[in-house]
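Undergrad: Dropping the structure in here first, questions after.
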Protein chains: 2
Amino acid sequence: MSILKTTVLNKINSPEDVKKLSIDEMNILAGDIRKGILNRVNLIGGHLGPGLGVTEATIALHYVFNSPKDKFVFDVSHQCYPHKMLTGRKEGFTSPIEHPEISGYFNYEESAHDTFMIGHTSTSVSLATGLAKARDLNNEKYNVIALIGDGSLSGGEAFEGFNNASVLGSNFIIIVNDNEMSIAENQGGLYRNLKELRESSGTCENNWFKAFGFDYLYVEKGNDIQTLIETFQKVKDINHPIVVHIHTLKGKGFDPAVENKEWGHWSMPGLLEEKSIQTEMPECYETLTNNYILEKVKKDSRVIAVNAATPGVFGWNKEFRDALGENYTDVGIAEQHACAYISGLAKNGAKPIWAVHSSFIQRTYDQLSQDLALNNSPATILVYWGGINSADATHLGLFDIPLISNIPNIVYLAPTCKEEYMKMLDWSVEQNKYPVAIRVPYVEFRKSGMEDNTDYSLLNKSKIVEKGSNVAIFALGDFFSLGIEVKEELKSQLGINATIINPIFISGIDKELLKNLKRDHDIVITLENGILNGGYGEKIASFYGNSDMKVLNYGANKEFNDRVMMDELLTRYRLKKELIVEDVKKEL
Amino acid sequence: MSILKTTVLNKINSPEDVKKLSIDEMNILAGDIRKGILNRVNLIGGHLGPGLGVTEATIALHYVFNSPKDKFVFDVSHQCYPHKMLTGRKEGFTSPIEHPEISGYFNYEESAHDTFMIGHTSTSVSLATGLAKARDLNNEKYNVIALIGDGSLSGGEAFEGFNNASVLGSNFIIIVNDNEMSIAENQGGLYRNLKELRESSGTCENNWFKAFGFDYLYVEKGNDIQTLIETFQKVKDINHPIVVHIHTLKGKGFDPAVENKEWGHWSMPGLLEEKSIQTEMPECYETLTNNYILEKVKKDSRVIAVNAATPGVFGWNKEFRDALGENYTDVGIAEQHACAYISGLAKNGAKPIWAVHSSFIQRTYDQLSQDLALNNSPATILVYWGGINSADATHLGLFDIPLISNIPNIVYLAPTCKEEYMKMLDWSVEQNKYPVAIRVPYVEFRKSGMEDNTDYSLLNKSKIVEKGSNVAIFALGDFFSLGIEVKEELKSQLGINATIINPIFISGIDKELLKNLKRDHDIVITLENGILNGGYGEKIASFYGNSDMKVLNYGANKEFNDRVMMDELLTRYRLKKELIVEDVKKEL
C-alpha cells in the first residue's frame, strides 16, 4: 500500500494553507478530503457519511475563521475528519495506516485546533459557552464556533446549552449541520421544525432557534463552498449569538452512503471491497434478542423495543423496525428520555426492552436512580458493549458496573451463556417487581448446552458451577471463560481443584454462599470485565474484611485508555490465567 | 394545637367531591388550600410559593379530569400540595403535625392519584410519554396530563420529553405552569420566549412549543378557576399532544411570598412568626465560601461562581450576585450544562467554582466523565449536603462518593475542618491540572485551630492525625469527629490507643500508608458519610484483600430511605461509637 494521491490536500499543512486557495482549488480539495475519508474508513473502519457531508463547510470554516485563535467545538465530533485533514493531520487519512496515531474524534491531545476531547454527543454548545464566557472575562476578542448536527440536537445537554448560549450577549456562532439524519432517521418534533425551516428557506412561522432569541441564518446550499464562505464572512466577529442553519447531504460524494444514509453512517473496514451492503448476522446475543422480541410481540402487544438512535448496532434494521411497528420506539439521541420513558411504560403495564451501549447509559444516571429505580418500574435494560476494549477514551465500556450496581432497587444481571441470557430476558420481561438490567456479554458468545433452571426472583443467589476447595473463583458474566481457564491452570500448575462460581447478580452478593466458602476455602478470586473501583469485587473484599479469607480482585484500573490494544490492557490488569496463578502462588 | 378550620376543604375526601362544587365554593376551597399550605410550611417547613400559585389550576384539573383514571404527572412535584389535599390527604396539611406521614412530593406509595415518586425536576413529560404510549399499546382511552413549570422547563430531560411527546400522535396534555420563576429568577432564552408569549397572549411570532408541532393554548388568567375549567374542558379527550400555557402568580395569597418570590419558594418552619424574612448566617462553610469568592474575584477577574438554580441554598443572595456581576452565572435547572460550562471555562483560562447539591450532581454523570474529567479541565466543584439524612427518598445525599470518585482524573477531597477546607478551595482554584470536587462537610462545622500545611498536589496522601497501634480509623471528611469518638471509646473501653487517619482524598487511597499500617495494626475501620457500595471503604478492603489486616467498613446501606429519622439510620448502619467498638471487640 502507498500514500493516497491527492492534488491539493498534499499541499495543506495548516489552515493557513487553505486561506491561499481559490474556490476551484477548494472544490478539488473537497474531492481530496473525501478520498481521504474513504481511504481511512476502508482501511480501519470509522464514520463515513458525517464527514462526507460536512466537507465543504469545514473548508469554508477554515477559510474564513482563524483557528486556533478562533475556537471550534465539533459535535458530534465524529464529523471532524475533514477538520483533521486541514489541521496538520492528513496522514491519518492518506497513509496506509493500520492503527493510526490520529483518532476519529476531536482530541485536544492531538492538536491545538481541537479544543476538547469529545466523543459523546450534544456537548458542543455547552462547552463552547464556557469558552466564550472565559474569553469575555479575559476581555479577549475572537470567535467561538460550535458545529452541531448529525442528530446531536436531540440530547438534553444540547438544549441546556442553547438555552444558556442564547443569553450570552457576546460573540457566539452555532453552525447547525442539518443533514436530515441522526445515525438512523431523526426523531422528534424538533426535526419536523428543521424540515419546515428547510422547506421555507428558514422563513416558516415557528423557528425553534429564534424562539430562544438567537439571530438566525438559513443556508440551503450547505455543500457549496462559495455560499458558505460568504455566509461565514457575514457572521464572523458578530457581537451576539447566532445560529447558522446549513442544509447538507450526508454521505455526499459516495453514492452508497447517500442512497443508504443509515448504512453509510459508520462502516467496518473493507467497504470499498464489499459486494453487498447488507450481511446476515450469525447467531449471537443480538440475533437472539431480536428474534425473542419479534416472537414475544406477536403474543403480547404490550412488549415494546426502545433505543436511543443506535438501532443498527443491535441489528434493529428496517425490517425489524417495520415488523414491530407501534411496538418500537427510537427516541433519538436522548438517553435521559429513554430511561424515563421506559419507566412510564412499565409503570402503566407495558413491557419495555431498552437496548443501550455501556458508554451511553452514562448519559442517564439520575433517571436510572430517580425515574426508574425509585419507582421500581419493571423495565428491562440490555447493556451492550460493557467491558474492557481498545476503543477511543470516549467510548470505553468500563463504567456501567459501578454506575448501575450501586443504585438501590435495580437488579443487574450478568449472563455467562446463551441459555442464561434467554432465561433472564424472559424472566425480566414477565416479572413486575424490579427494574432489571442485563449486561449482554461482550467478549464471547458462549453456549453451555444446558437448560437454565435458575429462579431469578430469588435475588442475589449465585451459582456454584463446580465445587472444589482452597480457591474460589467468582467469574462474572463475560469473564466466565477466563474463570474456567484459571481453574484449569490452578489444577495443572498447583494441583488445586478450585471452585468456580457464576455470580449471576452484579447488583448484590450472595452472603450465605460467601459465608459457607469460609469452611474450605482460603482464597477468593473475583474477575470482572470493567473498572475495579466501585465494582463487584470490592464488595466481596469488604464482605470478607473481618475474616481470614484472602481476596484478589481483578478488573480494569481507574483510567481513561485511548485506543490501547487489548493484549496490553489484559496484561496490565493481570487478566490472564498465568498472571493470576502467579498471584495465587504468592498467597499460598 | 388543633386541626385547622376550613369551610370547604373539610368536606373534600376525593376528587369526586370537587366535581360537586360551584365556582364560588371552589374559590373558597382555594382559600382553604392556601391555609393548609401555610399551616404545614409554618409547622414543618416546605415549599410555599409553588403550591400557592398552582392552587386554582389544581382544583380545575380535578374538576375536569377523572384521576386516577386520567393520569397526572406533577413536575416539579413540590407543586403537589394542593393536589394532595384534594386526593384524600388533607390531614398532612390541616393537622398539627410534627413529622407527617404525607410527604411534600408526588409519591405513588401514598396514593393512586400520584403516578410516580418524583422529587427531581424536569421529568414529567418523559414519564408521562411512557404512560401515554403504554395506554395506546393497551388500546385504552383516557387523558395523560403532565404539569410542568416553576423552573422545570430548563432541564435537558424536559426538552427530550417535549421532543418525543410532540410526535406521540395521541392524547397528551402538557400544562405549563408559567409563574415567571424558577427557584430564583428564570434563566435562559426559553424564558424570554415565555415572556413574549405572555405579552402577546400566546400570539407572538416564535413559539417554542409550536416549533415542535404541539397544538397550543395560552391562558392569561391562570389563577381564575372558571377560565381554567373552560380551558381544560376544551382539551379533555383531545386526540393529539397539546401544550396549555397558563400564567400564574407564584406565592399568591401570601403577600411576603409574592413580594419576594425567591424567599417564598421554600421556607423553614416558623415563617408566620418570623419578624424578618432575612437573617444573617453564622460562620459556616457557606459564609466562608462566599467571602472567599468575593475577595478572590476582586483580585482575579477570571474567577466565576456558577450554580444551577439554587443560589439561596449556598447563601448566594442578591447582594452576593450583584457584587459578582459578570463573574456569576446561574444556568437555571440545567446541571449538565453547568458541568460542561465549567469545563469550557476552565479550559479557556477561567477559574470556575460550581456549587451543587449532592442529590443534584446525579443529573450530570456523563458530563462529569466526558466533558470534565476526560478533558482534565481544572474546575472546582463544591458538593453540598452529601451525607446520610432524613430527607425524602428523592433528596438523599448518599450517592455522590461512588458517583464522582470512580471517575478517572477527578480529585475528590474531603475536608474535616474550616482550615483544610479553605486551603483546599484555594489550592483547587489556583491549580491548573485537575478537575477538583470538594465535599463540603454536612454534619458539623469544625475548626481544628491549626494551620493546614498540606500540599494537595501530592495526590492521594492521607494524614495520620494521631499515631497509635492495633486499630487504625479512617475517618473521612464529615465523620472525622465520629472517628475521634471511636478512638476515645476504644481507649476507655479497651485501652487501645488507636491511630486516627484523615484520608483527605476520597478519589484515591494512600497505598504507602496502608502498607505501613500492616506493621503494627491488625484492624482498620473506615467511616464514610454516604453509601458503602462503590464507596471509599470498599477500596481499603480490596487493598487489604491479600493481607491479614481486618477491615470494617461503615457507611449507609444501599437503599432509598424515605424520611427516616437520623438516629434510626445511624443505629441501623452501626455508625455510633459504642456499636463500632462492639464490633471491634469481636475481632480481638
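In the C-alpha cells, chains take letters A, B, ... by order of appearance, with residues numbered from 1 within each chain and ligands from 1 in the order shown.
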Using only C-alpha atoms, which residues sit within 12 Å of Met549 in chain B once same-chain residues fewer than 4 positions away are excluded, as a VMD selection string?
TA: (chain A and resid 541 to 542 544 to 551) or (chain B and resid 470 to 472 514 to 525 540 to 545 587 to 588)
Undergrad: Please give the complete set of residues from range 83-259 of chain A that DSSP, run on the backbone, assigns to strand (DSSP E), formatted as a tab-separated table (two decimals) with N, CA and C atoms, in the first residue's frame.
TA:
```
chain	number	residue	atom	x	y	z
A	144	VAL	N	-16.03	32.16	18.78
A	144	VAL	CA	-16.23	30.81	19.29
A	144	VAL	C	-17.34	30.19	18.46
A	145	ILE	N	-17.03	29.04	17.87
A	145	ILE	CA	-17.95	28.42	16.91
A	145	ILE	C	-18.23	26.97	17.32
A	146	ALA	N	-19.50	26.66	17.55
A	146	ALA	CA	-19.89	25.28	17.81
A	146	ALA	C	-20.53	24.72	16.53
A	147	LEU	N	-20.01	23.60	16.07
A	147	LEU	CA	-20.63	22.91	14.94
A	147	LEU	C	-21.43	21.74	15.51
A	148	ILE	N	-22.73	21.80	15.36
A	148	ILE	CA	-23.57	20.73	15.93
A	148	ILE	C	-24.45	20.19	14.81
A	149	GLY	N	-24.80	18.91	14.92
A	149	GLY	CA	-25.67	18.35	13.89
A	149	GLY	C	-25.55	16.84	13.86
A	172	PHE	N	-20.93	34.50	19.51
A	172	PHE	CA	-21.14	33.05	19.67
A	172	PHE	C	-21.85	32.55	18.42
A	173	ILE	N	-21.22	31.62	17.73
A	173	ILE	CA	-21.74	31.15	16.45
A	173	ILE	C	-22.01	29.66	16.52
A	174	ILE	N	-23.26	29.29	16.29
A	174	ILE	CA	-23.61	27.87	16.25
A	174	ILE	C	-23.90	27.50	14.79
A	175	ILE	N	-23.12	26.57	14.25
A	175	ILE	CA	-23.43	26.06	12.92
A	175	ILE	C	-24.25	24.78	13.12
A	176	VAL	N	-25.49	24.78	12.67
A	176	VAL	CA	-26.31	23.57	12.75
A	176	VAL	C	-26.17	22.83	11.42
A	177	ASN	N	-25.47	21.73	11.46
A	177	ASN	CA	-25.30	20.92	10.26
A	177	ASN	C	-26.52	20.01	10.11
A	178	ASP	N	-27.45	20.43	9.31
A	178	ASP	CA	-28.72	19.70	9.15
A	178	ASP	C	-28.61	18.79	7.93
A	215	ASP	N	-30.27	35.13	16.88
A	215	ASP	CA	-30.21	35.57	15.50
A	215	ASP	C	-30.10	34.29	14.66
A	216	TYR	N	-30.49	34.36	13.37
A	216	TYR	CA	-30.62	33.11	12.61
A	216	TYR	C	-30.38	33.34	11.13
A	217	LEU	N	-29.64	32.45	10.52
A	217	LEU	CA	-29.46	32.48	9.05
A	217	LEU	C	-29.69	31.07	8.52
A	218	TYR	N	-30.35	30.98	7.37
A	218	TYR	CA	-30.52	29.66	6.75
A	218	TYR	C	-29.71	29.60	5.47
A	219	VAL	N	-29.01	28.50	5.27
A	219	VAL	CA	-28.21	28.30	4.05
A	219	VAL	C	-28.65	26.99	3.40
A	241	PRO	N	-25.04	36.08	19.90
A	241	PRO	CA	-25.18	34.68	19.49
A	241	PRO	C	-26.03	34.54	18.21
A	242	ILE	N	-25.58	33.69	17.30
A	242	ILE	CA	-26.33	33.46	16.07
A	242	ILE	C	-26.28	31.97	15.71
A	243	VAL	N	-27.37	31.51	15.12
A	243	VAL	CA	-27.43	30.15	14.60
A	243	VAL	C	-27.37	30.22	13.08
A	244	VAL	N	-26.42	29.49	12.50
A	244	VAL	CA	-26.35	29.36	11.04
A	244	VAL	C	-26.76	27.94	10.70
A	245	HIS	N	-27.91	27.84	10.08
A	245	HIS	CA	-28.52	26.53	9.80
A	245	HIS	C	-28.16	26.16	8.37
A	246	ILE	N	-27.31	25.16	8.20
A	246	ILE	CA	-26.90	24.79	6.84
A	246	ILE	C	-27.46	23.43	6.47
A	247	HIS	N	-27.96	23.33	5.27
A	247	HIS	CA	-28.56	22.08	4.79
A	247	HIS	C	-27.52	21.32	3.98
```
Undergrad: Work out how far CA of Ala414 in chain B is from CA of Gly555 in chain A, in Å to one decimal.
TA: 26.4 Å
Undergrad: Find the residues near Leu153 in chain A: any atom within 9 Å, counting only C-alpha atoms, skip ones fewer than 5 places away on the same chain, and give them as JSON, numbers by chain.
TA: {"A": [121, 122, 148, 158, 159, 176, 190, 191, 333]}
Undergrad: Considering only C-alpha atoms, return as a ChimeraX atom specification whatever protein or nucleic-acid residues lie within 7 Å of range 446-457 of chain A, sequence-local ones (same chain, fewer than 4 positions apart) excluded.
TA: /A:417-420,423
Undergrad: Write out as a PyMOL selection string which residues come within 8 Å of range 125-141 of chain A when counting only C-alpha atoms, dropping same-chain ones fewer than 2 positions away.
TA: (chain A and resi 72-73+122-123+143-146+148+157-158+160-162+164-165+168+170-172+174) or (chain B and resi 301-302+326-327+337-338+340-350+371)
Undergrad: Using only C-alpha atoms, which protein or nucleic acid residues come within 6 Å of range 45-47 of chain A? Drop anything in the same chain fewer than 2 positions from it, and give the result as a list of chain:residue names.
TA: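 Answer for this query is A:Val41, A:Asn42, A:His265, A:Trp266, A:Ser267, A:Met268, A:Pro269.
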Undergrad: Have a look at A:Ser166, A:Ser377, A:Ser22, A:Gln362 and name the one nearest to Ile407 in chain B; count only C-alpha atoms.
TA: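 Under the stated criterion, the closest residue is A:Gln362.
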Undergrad: I'd like the interatomic distance between CA of Leu413 in chain B and CA of Gly315 in chain B, to a tenth of an Å.
TA: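 Distance between the two atoms: 22.0 Å.
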Undergrad: Could you check how far CA of Asp70 in chain B sits from CA of His113 in chain B, in Å to one decimal?
TA: 9.1 Å
